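Visitor: File coords11.pdb below, PDB, C-alpha atoms, pLDDT in the B column:
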```
ATOM      1  CA  MET A   1       0.738  35.258  34.653  1.00 47.00           C
ATOM      2  CA  ALA A   2       3.183  32.388  35.145  1.00 46.00           C
ATOM      3  CA  SER A   3       0.344  29.960  35.886  1.00 43.00           C
ATOM      4  CA  ALA A   4      -1.474  31.026  32.691  1.00 42.00           C
ATOM      5  CA  ALA A   5       1.676  30.401  30.646  1.00 41.00           C
ATOM      6  CA  GLY A   6       2.109  27.033  32.362  1.00 41.00           C
ATOM      7  CA  ALA A   7      -1.507  26.099  31.593  1.00 41.00           C
ATOM      8  CA  LEU A   8      -1.015  27.105  27.952  1.00 39.00           C
ATOM      9  CA  LEU A   9       2.126  24.976  27.686  1.00 41.00           C
ATOM     10  CA  LEU A  10       0.341  22.052  29.323  1.00 41.00           C
ATOM     11  CA  CYS A  11      -2.541  22.422  26.883  1.00 41.00           C
ATOM     12  CA  LEU A  12      -0.217  22.596  23.885  1.00 41.00           C
ATOM     13  CA  GLY A  13       1.710  19.605  25.153  1.00 43.00           C
ATOM     14  CA  THR A  14      -1.506  17.615  25.577  1.00 41.00           C
ATOM     15  CA  THR A  15      -2.646  18.553  22.074  1.00 41.00           C
ATOM     16  CA  ALA A  16       0.681  17.475  20.617  1.00 42.00           C
ATOM     17  CA  CYS A  17       0.499  14.180  22.495  1.00 42.00           C
ATOM     18  CA  SER A  18      -3.056  13.409  21.395  1.00 44.00           C
ATOM     19  CA  SER A  19      -2.168  14.033  17.754  1.00 56.00           C
ATOM     20  CA  GLN A  20       0.393  11.235  18.028  1.00 83.00           C
ATOM     21  CA  GLU A  21      -2.274   8.607  18.735  1.00 91.00           C
ATOM     22  CA  ARG A  22      -4.115   6.362  16.319  1.00 93.00           C
ATOM     23  CA  ASN A  23      -7.787   6.907  17.171  1.00 96.00           C
ATOM     24  CA  TYR A  24      -9.167   4.790  14.340  1.00 97.00           C
ATOM     25  CA  GLU A  25      -9.608   1.066  13.905  1.00 96.00           C
ATOM     26  CA  ILE A  26      -7.426  -0.413  11.193  1.00 95.00           C
ATOM     27  CA  PRO A  27      -9.661  -2.353   8.779  1.00 95.00           C
ATOM     28  CA  SER A  28      -9.127  -6.025   7.927  1.00 95.00           C
ATOM     29  CA  ALA A  29      -9.910  -5.328   4.253  1.00 94.00           C
ATOM     30  CA  LEU A  30      -9.028  -2.443   1.983  1.00 93.00           C
ATOM     31  CA  CYS A  31     -11.309  -1.815  -0.988  1.00 92.00           C
ATOM     32  CA  GLY A  32     -12.687  -5.345  -0.739  1.00 91.00           C
ATOM     33  CA  THR A  33      -9.347  -7.189  -0.492  1.00 92.00           C
ATOM     34  CA  ALA A  34      -8.443  -8.858   2.796  1.00 93.00           C
ATOM     35  CA  VAL A  35      -5.331  -7.272   4.299  1.00 93.00           C
ATOM     36  CA  SER A  36      -4.353  -8.094   7.863  1.00 95.00           C
ATOM     37  CA  PRO A  37      -4.229  -5.009  10.101  1.00 96.00           C
ATOM     38  CA  ASP A  38      -0.861  -6.308  11.347  1.00 96.00           C
ATOM     39  CA  LEU A  39       0.538  -5.624   7.862  1.00 96.00           C
ATOM     40  CA  THR A  40      -0.737  -2.074   7.461  1.00 96.00           C
ATOM     41  CA  THR A  41      -0.348  -0.828  11.054  1.00 95.00           C
ATOM     42  CA  PRO A  42       3.402  -0.029  10.758  1.00 96.00           C
ATOM     43  CA  LEU A  43       2.738   2.068   7.638  1.00 97.00           C
ATOM     44  CA  LEU A  44      -0.169   4.148   8.903  1.00 96.00           C
ATOM     45  CA  PRO A  45       0.212   7.431  10.792  1.00 97.00           C
ATOM     46  CA  PRO A  46      -1.660   8.614  13.863  1.00 96.00           C
ATOM     47  CA  GLY A  47      -5.007  10.262  13.301  1.00 96.00           C
ATOM     48  CA  ASP A  48      -8.733  10.136  13.951  1.00 97.00           C
ATOM     49  CA  ARG A  49     -10.368   8.744  10.782  1.00 97.00           C
ATOM     50  CA  ILE A  50      -9.383   6.204   8.146  1.00 97.00           C
ATOM     51  CA  SER A  51     -11.154   5.645   4.843  1.00 96.00           C
ATOM     52  CA  SER A  52     -10.458   3.903   1.560  1.00 95.00           C
ATOM     53  CA  THR A  53     -11.669   4.555  -1.961  1.00 96.00           C
ATOM     54  CA  LEU A  54     -11.505   2.228  -4.959  1.00 95.00           C
ATOM     55  CA  SER A  55     -10.695   3.832  -8.294  1.00 90.00           C
ATOM     56  CA  GLY A  56     -10.909   1.929 -11.558  1.00 81.00           C
ATOM     57  CA  ARG A  57     -10.950   4.695 -14.142  1.00 79.00           C
ATOM     58  CA  VAL A  58      -8.263   3.096 -16.317  1.00 84.00           C
ATOM     59  CA  GLU A  59      -8.942  -0.275 -17.988  1.00 85.00           C
ATOM     60  CA  GLY A  60      -6.933  -3.021 -16.291  1.00 86.00           C
ATOM     61  CA  VAL A  61      -5.867  -0.828 -13.342  1.00 92.00           C
ATOM     62  CA  LYS A  62      -7.544  -0.624  -9.934  1.00 94.00           C
ATOM     63  CA  ARG A  63      -6.274   1.639  -7.179  1.00 95.00           C
ATOM     64  CA  CYS A  64      -7.213   1.533  -3.510  1.00 96.00           C
ATOM     65  CA  LEU A  65      -6.446   4.891  -1.923  1.00 96.00           C
ATOM     66  CA  VAL A  66      -6.248   4.956   1.876  1.00 97.00           C
ATOM     67  CA  ASP A  67      -6.691   8.279   3.672  1.00 97.00           C
ATOM     68  CA  VAL A  68      -6.137   9.210   7.292  1.00 97.00           C
ATOM     69  CA  ASP A  69      -7.824  12.454   8.322  1.00 97.00           C
ATOM     70  CA  GLY A  70      -8.346  13.358   4.681  1.00 96.00           C
ATOM     71  CA  GLN A  71      -4.719  12.850   3.589  1.00 96.00           C
ATOM     72  CA  GLN A  72      -3.745   9.991   1.296  1.00 96.00           C
ATOM     73  CA  VAL A  73      -1.212   7.882   3.187  1.00 97.00           C
ATOM     74  CA  LEU A  74      -1.224   4.497   1.437  1.00 97.00           C
ATOM     75  CA  ALA A  75      -2.107   3.314  -2.040  1.00 96.00           C
ATOM     76  CA  LEU A  76      -2.502  -0.268  -3.250  1.00 97.00           C
ATOM     77  CA  SER A  77      -3.094  -1.206  -6.856  1.00 96.00           C
ATOM     78  CA  THR A  78      -3.599  -4.074  -9.258  1.00 95.00           C
ATOM     79  CA  GLU A  79      -2.454  -3.681 -12.840  1.00 94.00           C
ATOM     80  CA  TRP A  80      -2.637  -5.985 -15.842  1.00 93.00           C
ATOM     81  CA  TRP A  81       0.431  -5.859 -18.071  1.00 94.00           C
ATOM     82  CA  LYS A  82       1.312  -7.584 -21.338  1.00 93.00           C
ATOM     83  CA  LYS A  83       2.309 -11.211 -20.723  1.00 93.00           C
ATOM     84  CA  GLY A  84       6.040 -11.555 -20.120  1.00 94.00           C
ATOM     85  CA  THR A  85       6.519  -8.053 -18.678  1.00 94.00           C
ATOM     86  CA  SER A  86       9.401  -8.058 -16.218  1.00 94.00           C
ATOM     87  CA  LEU A  87       9.117  -6.818 -12.664  1.00 94.00           C
ATOM     88  CA  GLY A  88      11.761  -4.180 -13.392  1.00 94.00           C
ATOM     89  CA  LYS A  89       9.907  -2.830 -16.422  1.00 95.00           C
ATOM     90  CA  ALA A  90       6.639  -2.562 -14.493  1.00 94.00           C
ATOM     91  CA  ALA A  91       8.497  -0.851 -11.639  1.00 95.00           C
ATOM     92  CA  LEU A  92       9.530   1.978 -13.961  1.00 95.00           C
ATOM     93  CA  VAL A  93       6.042   3.501 -13.855  1.00 92.00           C
ATOM     94  CA  ILE A  94       5.066   2.748 -10.259  1.00 92.00           C
ATOM     95  CA  PRO A  95       5.515   5.698  -7.875  1.00 91.00           C
ATOM     96  CA  ASN A  96       7.947   5.090  -4.978  1.00 93.00           C
ATOM     97  CA  VAL A  97       9.349   1.946  -6.657  1.00 94.00           C
ATOM     98  CA  ASP A  98      12.586   1.692  -8.608  1.00 93.00           C
ATOM     99  CA  PRO A  99      13.910  -1.252 -10.664  1.00 94.00           C
ATOM    100  CA  ASP A 100      17.055  -1.103  -8.493  1.00 94.00           C
ATOM    101  CA  ASP A 101      15.125  -1.579  -5.219  1.00 95.00           C
ATOM    102  CA  LYS A 102      15.710  -4.695  -3.142  1.00 96.00           C
ATOM    103  CA  GLU A 103      14.421  -7.902  -4.699  1.00 95.00           C
ATOM    104  CA  THR A 104      13.207 -11.001  -2.897  1.00 96.00           C
ATOM    105  CA  GLU A 105      15.146 -14.232  -3.433  1.00 94.00           C
ATOM    106  CA  ASP A 106      12.338 -15.719  -5.525  1.00 94.00           C
ATOM    107  CA  GLY A 107      12.362 -12.658  -7.817  1.00 93.00           C
ATOM    108  CA  ARG A 108       8.645 -11.970  -7.337  1.00 95.00           C
ATOM    109  CA  TYR A 109       8.877  -8.659  -5.463  1.00 97.00           C
ATOM    110  CA  LEU A 110      10.807  -5.388  -5.484  1.00 97.00           C
ATOM    111  CA  TYR A 111      10.515  -3.244  -2.362  1.00 97.00           C
ATOM    112  CA  SER A 112      11.871  -0.231  -0.494  1.00 96.00           C
ATOM    113  CA  ASP A 113      10.767   1.648   2.590  1.00 95.00           C
ATOM    114  CA  THR A 114       8.147   3.613   0.627  1.00 96.00           C
ATOM    115  CA  GLY A 115       6.999   1.300  -2.167  1.00 97.00           C
ATOM    116  CA  ALA A 116       6.800  -2.204  -3.551  1.00 98.00           C
ATOM    117  CA  ILE A 117       5.665  -4.155  -6.590  1.00 98.00           C
ATOM    118  CA  GLY A 118       4.991  -7.834  -7.045  1.00 97.00           C
ATOM    119  CA  LYS A 119       3.843 -10.309  -9.644  1.00 95.00           C
ATOM    120  CA  VAL A 120       0.651 -12.197  -8.817  1.00 95.00           C
ATOM    121  CA  THR A 121       0.327 -15.920  -9.358  1.00 91.00           C
ATOM    122  CA  CYS A 122      -3.093 -16.428 -10.931  1.00 89.00           C
ATOM    123  CA  PRO A 123      -4.262 -20.058 -11.046  1.00 84.00           C
ATOM    124  CA  ASN A 124      -6.696 -19.242 -13.883  1.00 82.00           C
ATOM    125  CA  PRO A 125      -5.857 -15.773 -15.189  1.00 81.00           C
ATOM    126  CA  ARG A 126      -8.836 -13.979 -16.676  1.00 79.00           C
ATOM    127  CA  LYS A 127      -6.497 -12.433 -19.246  1.00 80.00           C
ATOM    128  CA  ASP A 128      -4.566 -15.081 -21.183  1.00 81.00           C
ATOM    129  CA  ASP A 129      -2.353 -12.420 -22.748  1.00 86.00           C
ATOM    130  CA  GLY A 130      -1.506 -10.630 -19.507  1.00 90.00           C
ATOM    131  CA  ASP A 131       0.361 -10.751 -16.219  1.00 93.00           C
ATOM    132  CA  LEU A 132      -1.139  -9.274 -13.069  1.00 95.00           C
ATOM    133  CA  PHE A 133       1.005  -7.072 -10.827  1.00 97.00           C
ATOM    134  CA  VAL A 134       0.261  -5.484  -7.465  1.00 97.00           C
ATOM    135  CA  ALA A 135       1.870  -2.364  -6.085  1.00 97.00           C
ATOM    136  CA  ALA A 136       1.869  -0.503  -2.777  1.00 97.00           C
ATOM    137  CA  ARG A 137       3.217   2.870  -1.796  1.00 97.00           C
ATOM    138  CA  VAL A 138       3.350   5.037   1.287  1.00 96.00           C
ATOM    139  CA  ASN A 139       2.659   8.742   0.872  1.00 93.00           C
ATOM    140  CA  GLU A 140       3.362  11.530   3.356  1.00 87.00           C
ATOM    141  CA  PRO A 141       2.485  11.450   6.203  1.00 87.00           C
ATOM    142  CA  GLY A 142       2.574   7.640   6.042  1.00 91.00           C
ATOM    143  CA  ARG A 143       5.390   5.807   7.760  1.00 94.00           C
ATOM    144  CA  PRO A 144       8.195   4.425   5.592  1.00 94.00           C
ATOM    145  CA  ASP A 145       9.131   0.884   6.689  1.00 96.00           C
ATOM    146  CA  GLU A 146      11.067  -1.492   4.425  1.00 96.00           C
ATOM    147  CA  ALA A 147      10.285  -4.723   6.319  1.00 97.00           C
ATOM    148  CA  ALA A 148       6.587  -3.845   6.573  1.00 97.00           C
ATOM    149  CA  MET A 149       6.422  -3.002   2.859  1.00 97.00           C
ATOM    150  CA  LYS A 150       7.980  -6.370   1.956  1.00 97.00           C
ATOM    151  CA  LYS A 151       5.450  -8.258   4.088  1.00 97.00           C
ATOM    152  CA  LEU A 152       2.525  -6.189   2.807  1.00 97.00           C
ATOM    153  CA  ILE A 153       3.282  -6.681  -0.892  1.00 98.00           C
ATOM    154  CA  ALA A 154       3.679 -10.456  -0.507  1.00 97.00           C
ATOM    155  CA  ALA A 155       0.422 -10.815   1.432  1.00 97.00           C
ATOM    156  CA  TYR A 156      -1.442  -8.462  -0.910  1.00 97.00           C
ATOM    157  CA  ALA A 157      -0.249 -10.409  -3.976  1.00 97.00           C
ATOM    158  CA  GLU A 158      -1.439 -13.653  -2.374  1.00 95.00           C
ATOM    159  CA  ALA A 159      -4.855 -12.165  -1.507  1.00 95.00           C
ATOM    160  CA  VAL A 160      -5.305 -10.748  -5.015  1.00 95.00           C
ATOM    161  CA  GLY A 161      -4.289 -14.140  -6.469  1.00 93.00           C
ATOM    162  CA  LYS A 162      -7.295 -15.669  -4.681  1.00 91.00           C
ATOM    163  CA  SER A 163      -9.690 -12.874  -5.672  1.00 89.00           C
ATOM    164  CA  GLY A 164     -11.971 -12.266  -8.610  1.00 86.00           C
ATOM    165  CA  GLU A 165      -9.369  -9.895 -10.048  1.00 86.00           C
ATOM    166  CA  CYS A 166      -7.242 -12.914 -10.889  1.00 84.00           C
ATOM    167  CA  THR A 167      -9.899 -15.224 -12.318  1.00 76.00           C
TER     168      THR A 167
END
```
Show the structure stored in the file as structure tokens.

Guide:
Amino acid sequence: MASAAGALLLCLGTTACSSQERNYEIPSALCGTAVSPDLTTPLLPPGDRISSTLSGRVEGVKRCLVDVDGQQVLALSTEWWKKGTSLGKAALVIPNVDPDDKETEDGRYLYSDTGAIGKVTCPNPRKDDGDLFVAARVNEPGRPDEAAMKKLIAAYAEAVGKSGECT
């Protein structure tokens, strides 16, 4: 009886340990935009499968939803706003971002451990009357990480600035 209980505990312990591993390869692009795996790794939970889906149901807004084992854990988006819109005003409607979050010295990004927003520099904006913003957020069971979110939003804004979304 004691050996059966010990085997059960060992089995449960092994199951718990295996669920703490990342058994998927982190992609180098999410929904067609290059994003270094080094930037997303700290924000992604353990699991077996990763997938991403691009949603563009609203004019001027594209969302990249990242799932691990069927649960949404990370979302990235691009959004066109009226020219002259402030970072703080845009942050009011972005989940997991607040206008009072930390701001980078250059004033281009607001970020916290669960969300960030940034203004994209477009060399030749395809919308003369608009400003392009990017946003990122971590959803449960994603991993909140302020430093990782800051790095991700800056790199994502740069990648989007070089993409067809900007020109």

Visitor: Evaluating the PyMOL selection byres ((chain A and resi 83) around 7) on the displayed file yields which residues, as a ChimeraX atom specification?

Guide: /A:81-82,84-85,129-131

Visitor: Within 9 Å of (3.8, 5.0, 1.1) (coordinates as in the file), grab all the protein and nucleic acid residues, counting all atoms listed in the file, and write them out as a PyMOL selection string.

Guide: chain A and resi 43-44+73-75+96+113-115+136-145+149

Visitor: With 10 Å as the cut-off and all atoms listed in the file counted, what is the closest atom pair between each nearby residue of range 10-83 of chain A and range 161-165 of chain A? Distances in Å to one decimal, ordered by chain and number, as a tab-separated table.

Guide:
```
residue	atom	partner	partner_atom	distance
A:Gly32	CA	A:Ser163	CA	9.5
A:Thr33	CA	A:Ser163	CA	7.7
A:Ala34	CA	A:Ser163	CA	9.5
A:Gly60	CA	A:Glu165	CA	9.6
A:Lys62	CA	A:Glu165	CA	9.4
A:Thr78	CA	A:Glu165	CA	8.2
A:Glu79	CA	A:Glu165	CA	9.7
A:Trp80	CA	A:Glu165	CA	9.7
```

Visitor: Neighbouring residues of Val134 in chain A were defined as those with any atom within 6 Å, considering only C-alpha atoms; residues of the same chain fewer than 5 positions away were excluded. Please report them as an NGL selection string.

Guide: :A and (77-78 or 117-118)

Visitor: Of the residues A:Lys119, A:Ile153, A:Thr53, A:Leu92, which is the one nearest to Val35 in chain A, using only C-alpha atoms?

Guide: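 Going through A:Lys119, A:Ile153, A:Thr53, A:Leu92 one by one, the smallest distance to Val35 in chain A is for A:Ile153.
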
Visitor: To one decimal in Å, tell me the separation between CA of Ala116 in chain A and CA of Val66 in chain A.

Guide: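 Straight-line distance from CA of Ala116 in chain A to CA of Val66 in chain A works out to 15.8 Å.
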
Visitor: Just want the 8 Å neighbourhood of Asn23 in chain A, counted on only C-alpha atoms, with same-chain residues fewer than 4 positions away dropped. Output as an MDAnalysis selection string.

Guide: chainID A and resid 46:49

Visitor: Could you state the separation of CA of Ile26 in chain A and CA of Ala90 in chain A in Å, given to one decimal place?

Guide: 29.4 Å

Visitor: CA of Ala135 in chain A and CA of Arg63 in chain A, how far apart in Å?

Guide: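 Answer for the CA of Arg63 in chain A to CA of Ala135 in chain A separation: 9.1 Å.
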
Visitor: Convert the output of the PyMOL selection byres ((chain A and resi 126) around 8) on the shown file into explicit residues, formatted as a PyMOL selection string.

Guide: chain A and resi 124-125+127-128+165-167

Visitor: Write out as an NGL selection string the residues lying within 9 Å of Pro99 in chain A, counting all atoms listed in the file and excluding same-chain residues fewer than 3 positions away.

Guide: :A and (87-92 or 102-103 or 110)

Visitor: Name all residues at most 6 Å from Val68 in chain A (count only C-alpha atoms; drop same-chain ones fewer than 2 positions away) and give them as number ranges by chain.

Guide: A: 49-50, 70-71

Visitor: Just C-alpha atoms for this one: save the residues we selected as an mmCIF file, keeping the file's coordinate frame.

Guide:
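Output below, filename again-v8.cif:
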```
data_model
loop_
_atom_site.group_PDB
_atom_site.id
_atom_site.type_symbol
_atom_site.label_atom_id
_atom_site.label_comp_id
_atom_site.auth_asym_id
_atom_site.auth_seq_id
_atom_site.Cartn_x
_atom_site.Cartn_y
_atom_site.Cartn_z
ATOM 1 C CA ARG A 49 -10.368 8.744 10.782
ATOM 2 C CA ILE A 50 -9.383 6.204 8.146
ATOM 3 C CA GLY A 70 -8.346 13.358 4.681
ATOM 4 C CA GLN A 71 -4.719 12.850 3.589
#
```

Visitor: Restricting the calculation to all atoms listed in the file, which member of A:Val93, A:Asp101, A:Ala29, A:Leu76 is positioned closest to Ala157 in chain A?

Guide: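 Residue with the minimum atom-to-atom distance to Ala157 in chain A: A:Leu76.
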
Visitor: Nearest to Val160 in chain A: which of A:Leu39, A:Leu30, A:Ala148, A:Val58 is it, counting all atoms listed in the file?

Guide: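 Among A:Leu39, A:Leu30, A:Ala148, A:Val58, it is A:Leu30 that comes nearest to Val160 in chain A.
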
Visitor: Between A:Cys64, A:Leu132, A:Ser51, A:Asp69, which one has atoms that come closest to Ser86 in chain A, using all atoms listed in the file?

Guide: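 Of all the options, A:Leu132 lies closest to Ser86 in chain A.
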
Visitor: Smallest atom-to-atom distance to Cys31 in chain A: which of A:Ile94, A:Leu54, A:Asp67, A:Pro45, using all atoms listed in the file?

Guide: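 Smallest separation from Cys31 in chain A among the options: A:Leu54.
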
Visitor: Around all the atoms of range 73-91 of chain A listed in the file, with 3 Å of room on each side, what axis-aligned box do you get, giving centre and edge lengths in Å to one decimal, as JSON?

Guide:
```
{"center_x": 4.1, "center_y": -1.8, "center_z": -9.1, "size_x": 21.4, "size_y": 25.4, "size_z": 30.5}
```
